[in-house]
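Trainee: Sharing data_18.tsv, TSV, C-alpha atoms:
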chain	number	residue	atom	x	y	z
V	295	MET	CA	0.00	0.00	0.00
V	296	ALA	CA	1.16	3.54	-0.73
V	297	GLU	CA	-0.29	7.01	-0.84
V	298	GLY	CA	0.75	10.01	-2.85
V	299	GLU	CA	-0.23	11.99	-5.92
V	300	ILE	CA	-0.84	11.06	-9.53
V	301	GLY	CA	-1.14	14.06	-11.81
V	302	ARG	CA	-1.24	16.23	-8.65
V	303	THR	CA	-4.31	14.31	-7.49
V	304	PRO	CA	-4.02	12.60	-4.06
V	305	VAL	CA	-4.70	8.84	-4.13
V	306	VAL	CA	-4.14	5.66	-2.16
V	307	CYS	CA	-2.75	2.69	-4.12
V	308	ALA	CA	-2.49	-1.02	-3.42
V	309	GLY	CA	-0.87	-3.68	-5.57
V	310	GLN	CA	-0.23	-7.41	-5.66
V	311	ASP	CA	3.18	-8.79	-6.60
V	312	PHE	CA	2.82	-11.86	-8.82
V	313	ALA	CA	6.51	-12.63	-8.31
V	314	PHE	CA	5.75	-13.49	-4.66
V	315	MET	CA	3.82	-16.78	-4.47
V	316	ALA	CA	1.97	-15.91	-7.69
V	317	GLY	CA	0.23	-13.01	-5.99
V	318	SER	CA	-1.94	-15.50	-4.12
V	319	MET	CA	-4.57	-14.12	-1.78
V	320	GLY	CA	-3.71	-14.88	1.83
V	321	MET	CA	-4.36	-13.29	5.20
V	322	TYR	CA	-1.83	-10.49	4.79
V	323	VAL	CA	-3.06	-9.65	1.30
V	324	GLY	CA	-6.51	-9.23	2.81
V	325	ASN	CA	-5.06	-7.16	5.66
V	326	ALA	CA	-3.26	-4.88	3.20
V	327	ILE	CA	-6.36	-4.27	1.10
V	328	VAL	CA	-8.49	-3.59	4.17
V	329	ALA	CA	-5.82	-1.18	5.44
V	330	ALA	CA	-5.70	0.57	2.06
V	331	ALA	CA	-9.48	1.00	2.05
V	332	GLU	CA	-9.48	2.32	5.63
V	333	ARG	CA	-6.70	4.77	4.78
V	334	ALA	CA	-8.57	5.96	1.69
V	335	VAL	CA	-11.71	6.57	3.76
V	336	LYS	CA	-9.76	8.35	6.50
V	337	THR	CA	-7.93	10.67	4.06
V	338	ARG	CA	-10.90	11.02	1.65
V	339	ARG	CA	-8.84	9.79	-1.30
V	340	PRO	CA	-9.70	7.47	-4.21
V	341	LEU	CA	-8.29	3.93	-4.03
V	342	ILE	CA	-6.51	2.44	-7.05
V	343	LEU	CA	-5.80	-1.28	-6.86
V	344	PHE	CA	-3.49	-3.24	-9.19
V	345	ALA	CA	-4.57	-6.88	-9.16
V	346	ALA	CA	-2.35	-9.82	-10.15
V	347	ALA	CA	-3.12	-13.23	-8.69
V	348	GLY	CA	-3.13	-16.93	-9.31
V	349	GLY	CA	-5.92	-17.55	-6.80
V	350	ALA	CA	-6.30	-18.04	-3.08
V	351	ARG	CA	-3.33	-19.14	-0.95
V	352	MET	CA	-4.68	-22.57	-0.17
V	353	GLN	CA	-1.85	-23.30	2.27
V	354	GLU	CA	-3.80	-21.05	4.64
V	355	GLY	CA	-7.05	-22.95	4.14
V	356	ILE	CA	-10.21	-21.22	5.37
V	357	LEU	CA	-8.19	-18.19	6.51
V	358	SER	CA	-7.36	-17.48	2.87
V	359	LEU	CA	-10.96	-17.91	1.72
V	360	MET	CA	-12.12	-15.55	4.48
V	361	GLN	CA	-10.33	-12.70	2.68
V	362	MET	CA	-12.99	-12.70	-0.04
V	363	PRO	CA	-15.79	-11.42	2.24
V	364	ARG	CA	-13.36	-9.25	4.25
V	365	THR	CA	-12.14	-7.38	1.19
V	366	THR	CA	-15.67	-7.13	-0.18
V	367	VAL	CA	-16.71	-5.36	3.03
V	368	ALA	CA	-13.69	-3.05	2.68
V	369	VAL	CA	-14.80	-2.09	-0.85
V	370	GLN	CA	-18.29	-1.43	0.49
V	371	MET	CA	-16.75	1.03	2.98
V	372	LEU	CA	-15.40	3.01	0.03
V	373	LYS	CA	-18.76	3.01	-1.70
V	374	GLU	CA	-20.55	4.19	1.45
V	375	ALA	CA	-17.99	6.99	1.75
V	376	ARG	CA	-18.66	7.84	-1.92
V	377	LEU	CA	-14.99	7.45	-2.84
V	378	PRO	CA	-13.86	6.13	-6.24
V	379	TYR	CA	-12.46	2.61	-6.38
V	380	ILE	CA	-10.52	1.84	-9.57
V	381	VAL	CA	-9.17	-1.62	-10.37
V	382	VAL	CA	-6.38	-2.31	-12.86
V	383	LEU	CA	-6.34	-5.99	-13.84
V	384	THR	CA	-2.89	-7.18	-14.90
V	385	HIS	CA	-1.87	-10.50	-16.45
V	386	PRO	CA	-2.91	-12.82	-14.93
V	387	THR	CA	-5.72	-12.08	-12.48
V	388	THR	CA	-7.42	-15.36	-11.61
V	389	GLY	CA	-9.07	-17.29	-8.83
V	390	GLY	CA	-10.85	-15.97	-5.77
V	391	VAL	CA	-9.75	-12.37	-6.26
V	392	THR	CA	-12.06	-12.19	-9.30
V	393	ALA	CA	-14.91	-13.29	-7.04
V	394	SER	CA	-14.24	-10.43	-4.65
V	395	TYR	CA	-12.32	-7.15	-4.68
V	396	ALA	CA	-10.79	-7.41	-8.17
V	397	MET	CA	-14.15	-7.18	-9.96
V	398	LEU	CA	-15.91	-4.64	-7.74
V	399	GLY	CA	-14.34	-1.43	-9.03
V	400	ASP	CA	-16.32	1.60	-10.09
V	401	VAL	CA	-14.06	1.45	-13.16
V	402	GLN	CA	-12.47	-1.80	-14.35
V	403	ILE	CA	-9.35	-1.43	-16.51
V	404	ALA	CA	-7.26	-4.28	-17.90
V	405	GLU	CA	-3.98	-4.56	-19.73
V	406	PRO	CA	-4.09	-5.91	-23.31
V	407	ASN	CA	-4.46	-9.70	-23.56
V	408	ALA	CA	-4.52	-10.14	-19.78
V	409	LEU	CA	-5.96	-13.45	-18.58
V	410	ILE	CA	-8.85	-12.65	-16.20
V	411	CYS	CA	-10.93	-15.51	-14.83
V	412	PHE	CA	-12.07	-17.51	-11.82
V	413	ALA	CA	-11.18	-20.94	-13.19
V	414	GLY	CA	-8.70	-21.28	-16.02
V	415	PRO	CA	-9.74	-22.19	-19.56
V	416	ARG	CA	-8.22	-25.68	-19.36
V	417	VAL	CA	-10.27	-26.49	-16.24
V	418	ILE	CA	-13.46	-25.23	-17.87
V	419	GLU	CA	-12.85	-27.21	-21.08
V	420	GLN	CA	-12.27	-30.39	-19.08
V	421	THR	CA	-15.44	-29.74	-17.07
V	422	ILE	CA	-17.87	-28.94	-19.90
V	423	ARG	CA	-16.00	-31.07	-22.51
V	424	GLU	CA	-16.28	-28.33	-25.12
V	425	LYS	CA	-13.84	-26.09	-26.93
V	426	LEU	CA	-13.95	-22.50	-25.66
V	427	PRO	CA	-14.25	-19.50	-28.03
V	428	GLU	CA	-11.06	-17.87	-29.31
V	429	GLY	CA	-9.68	-15.37	-26.79
V	430	PHE	CA	-12.08	-16.55	-24.06
V	431	GLN	CA	-11.26	-14.94	-20.68
V	432	ARG	CA	-8.82	-12.48	-22.23
V	433	ALA	CA	-9.21	-8.76	-21.61
V	434	GLU	CA	-10.52	-7.91	-25.08
V	435	TYR	CA	-13.15	-10.67	-24.91
V	436	LEU	CA	-14.34	-9.45	-21.50
V	437	LEU	CA	-14.47	-5.86	-22.75
V	438	ASP	CA	-16.67	-6.93	-25.67
V	439	HIS	CA	-19.00	-8.76	-23.25
V	440	GLY	CA	-19.40	-5.92	-20.75
V	441	MET	CA	-17.15	-7.18	-17.95
V	442	LEU	CA	-14.57	-4.39	-18.33
V	443	ASP	CA	-14.69	-0.66	-18.99
V	444	ARG	CA	-11.31	-0.18	-20.65
V	445	VAL	CA	-8.35	-2.09	-22.06
V	446	THR	CA	-5.30	0.15	-21.77
V	447	HIS	CA	-1.63	-0.47	-22.47
V	448	ARG	CA	0.69	-0.07	-19.51
V	449	LYS	CA	2.52	2.82	-21.16
V	450	LEU	CA	-0.75	4.79	-21.33
V	451	MET	CA	-2.04	3.73	-17.92
V	452	ARG	CA	-0.83	6.75	-15.93
V	453	GLU	CA	-2.57	9.27	-18.15
V	454	GLU	CA	-5.71	7.14	-18.19
V	455	LEU	CA	-5.82	6.90	-14.41
V	456	ILE	CA	-5.28	10.64	-14.01
V	457	THR	CA	-8.20	11.37	-16.35
V	458	ILE	CA	-10.53	8.90	-14.61
V	459	VAL	CA	-9.62	9.92	-11.05
V	460	ARG	CA	-10.08	13.62	-11.79
V	461	MET	CA	-13.39	12.93	-13.50
V	462	LEU	CA	-14.73	10.86	-10.60
V	463	THR	CA	-13.61	13.44	-8.04
V	464	HIS	CA	-15.23	16.31	-9.99
V	465	GLN	CA	-11.95	18.06	-10.81
V	466	ALA	CA	-11.00	19.89	-13.96
V	467	PRO	CA	-9.14	17.86	-16.59
V	468	ALA	CA	-5.39	17.72	-16.10
V	469	VAL	CA	-3.31	20.12	-18.13
V	470	LYS	CA	-0.29	18.85	-20.01
V	471	ALA	CA	2.11	19.99	-17.30
V	472	ASP	CA	0.30	17.73	-14.83
V	473	LEU	CA	0.65	14.70	-17.11
V	474	ALA	CA	4.34	15.14	-17.88
V	475	PRO	CA	6.73	13.14	-15.69
V	476	PRO	CA	8.69	15.29	-13.26
V	477	GLN	CA	11.93	16.59	-14.72
V	478	PRO	CA	15.19	16.87	-12.76
V	479	ALA	CA	16.16	20.32	-11.61
V	480	PRO	CA	18.60	22.05	-13.96
V	481	GLU	CA	22.23	22.15	-12.97
V	482	PRO	CA	23.25	25.51	-11.47
V	483	ALA	CA	24.98	27.73	-13.99
V	484	VAL	CA	28.70	28.13	-13.43
V	485	ALA	CA	29.82	31.72	-13.74
V	486	ALA	CA	32.67	32.23	-16.21
V	487	GLU	CA	35.83	33.35	-14.53
V	488	VAL	CA	36.72	36.94	-15.50
V	489	PRO	CA	40.48	37.55	-15.55
V	490	ASN	CA	41.71	40.34	-13.35
V	491	PRO	CA	42.47	43.45	-15.40
V	492	GLU	CA	46.10	44.44	-15.71
V	493	PRO	CA	46.99	47.32	-13.36
V	494	GLN	CA	47.25	50.67	-15.13
V	495	ALA	CA	50.68	52.31	-15.25
Can you present the structure in this file as structure tokens?
Mentor:
Amino acid sequence: MAEGEIGRTPVVCAGQDFAFMAGSMGMYVGNAIVAAAERAVKTRRPLILFAAAGGARMQEGILSLMQMPRTTVAVQMLKEARLPYIVVLTHPTTGGVTASYAMLGDVQIAEPNALICFAGPRVIEQTIREKLPEGFQRAEYLLDHGMLDRVTHRKLMREELITIVRMLTHQAPAVKADLAPPQPAPEPAVAAEVPNPEPQA
């Protein structure tokens, strides 16, 4: 969890790290999301969540599954406080997170070709014994079927989030200076050395 500004707009952010146990949802993931929601409510800031998960952390058994209702209640806190909740779905976002906080955003954004599902396509094909449609459970397919609001490339994500956050918080659109990444301060100018004049005779 972190808090700061994006395009000079204060926000609270939370993100899952797929590199750590495939971003699986365990007790401390739930704790972090609840803490992020509480902080957003306390500071009256929008919450932006970056989801990346391979499912629940089944090593924790029922404690892992309990994070689904816990995080759902945390999202409801944001809605009752009338604060924007924006979810960015990265590749992949699967399992129990898609049955809870990852699909409850006021705005759902996904990266191109991201796999977003509860059960994977192989499991579904083995269960129903049918071939799934081309691109099933990919971001573009879900956008076409009304499950997502936007599919946005990562390089354009910052500008997209600034626009959406400012719109949902009833602020004027960002000017170009707000969107530009901060530039380093210029180096101080070095004064040219002026030679001492020769003494007059």
Trainee: So how far away is atom CA of V:Met441 from atom CA of V:Arg364, in Å?
Mentor: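 Taking atom CA of V:Arg364 and atom CA of V:Met441, their separation equals 22.6 Å.
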Trainee: Any idea what's packed within 12 Å of stretch 465-470 of chain V, counting all atoms listed in the file, ignoring anything in its chain fewer than 3 positions away? Could you give it as a PyMOL selection string?
Mentor: chain V and resi 300-304+452-462+473-476
Trainee: Could you please determine the separation between atom CA of V:Leu442 and atom CA of V:Ile403 in Å, to one decimal place?
Mentor: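 Between these atoms lies a distance of 6.3 Å.
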Trainee: Considering all atoms listed in the file, return as a ChimeraX atom specification whatever protein or nucleic-acid residues lie within 7 Å of V:Gly349, sequence-local ones (same chain, fewer than 5 positions apart) excluded.
Mentor: /V:318-319,388-391
Trainee: Skipping near chain neighbours, those fewer than 3 positions away, what residues fall within 7 Å of V:Val369 using all atoms listed in the file, listed as a list in words?
Mentor: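 Final neighbour list, sorted by chain and number: Ala331, Thr365, Thr366, Leu372, Lys373 and Tyr395 of chain V.
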Trainee: Please, what distance in Å, to one decimal, runs between atom CA of V:Leu343 and atom CA of V:Phe312?
Mentor: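 Atom-to-atom, atom CA of V:Leu343 and atom CA of V:Phe312 are spaced 13.8 Å apart.
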Trainee: Contacts of stretch 405-421 of chain V at 9 Å or less, counting all atoms listed in the file, minus same-chain residues fewer than 2 places along, as number ranges by chain?
Mentor: V: 349, 382-393, 403, 423-426, 429-436, 444-448, 451
Trainee: Quick one: of V:Leu341, V:Met321, V:Ala326, V:Met362, who's nearest to V:Cys307, counting only C-alpha atoms?
Mentor: V:Leu341
Trainee: Reconstruct N, CA and C atoms of stretch 309-324 of chain V from the incomplete input and present them as a short mmCIF file (atom, residue, chain, number, x, y, z; two decimals), keeping the file's coordinate frame.
Mentor:
data_model
loop_
_atom_site.label_atom_id
_atom_site.label_comp_id
_atom_site.auth_asym_id
_atom_site.auth_seq_id
_atom_site.Cartn_x
_atom_site.Cartn_y
_atom_site.Cartn_z
N GLY V 309 -1.23 -2.82 -4.46
CA GLY V 309 -0.87 -3.68 -5.57
C GLY V 309 -0.42 -5.04 -5.11
N GLN V 310 -0.68 -6.05 -5.93
CA GLN V 310 -0.23 -7.41 -5.66
C GLN V 310 1.01 -7.71 -6.50
N ASP V 311 1.94 -8.43 -5.92
CA ASP V 311 3.18 -8.79 -6.60
C ASP V 311 3.10 -10.25 -7.03
N PHE V 312 2.94 -10.48 -8.34
CA PHE V 312 2.82 -11.86 -8.82
C PHE V 312 4.11 -12.64 -8.60
N ALA V 313 5.23 -11.94 -8.50
CA ALA V 313 6.51 -12.63 -8.31
C ALA V 313 6.60 -13.29 -6.94
N PHE V 314 5.75 -12.89 -5.99
CA PHE V 314 5.75 -13.49 -4.66
C PHE V 314 4.56 -14.45 -4.53
N MET V 315 4.84 -15.73 -4.60
CA MET V 315 3.82 -16.78 -4.47
C MET V 315 2.64 -16.55 -5.42
N ALA V 316 2.98 -16.12 -6.63
CA ALA V 316 1.97 -15.91 -7.69
C ALA V 316 0.87 -14.95 -7.26
N GLY V 317 1.22 -13.99 -6.41
CA GLY V 317 0.23 -13.01 -5.99
C GLY V 317 -0.96 -13.60 -5.27
N SER V 318 -0.79 -14.81 -4.70
CA SER V 318 -1.94 -15.50 -4.12
C SER V 318 -2.53 -14.72 -2.95
N MET V 319 -3.83 -14.87 -2.78
CA MET V 319 -4.57 -14.12 -1.78
C MET V 319 -4.54 -14.85 -0.44
N GLY V 320 -3.78 -14.31 0.49
CA GLY V 320 -3.71 -14.88 1.83
C GLY V 320 -4.14 -13.85 2.86
N MET V 321 -3.91 -14.17 4.11
CA MET V 321 -4.36 -13.29 5.20
C MET V 321 -3.77 -11.90 5.08
N TYR V 322 -2.47 -11.81 4.78
CA TYR V 322 -1.83 -10.49 4.79
C TYR V 322 -2.17 -9.69 3.54
N VAL V 323 -2.52 -10.38 2.46
CA VAL V 323 -3.06 -9.65 1.30
C VAL V 323 -4.39 -9.01 1.68
N GLY V 324 -5.23 -9.78 2.34
CA GLY V 324 -6.51 -9.23 2.81
C GLY V 324 -6.30 -8.08 3.77
#
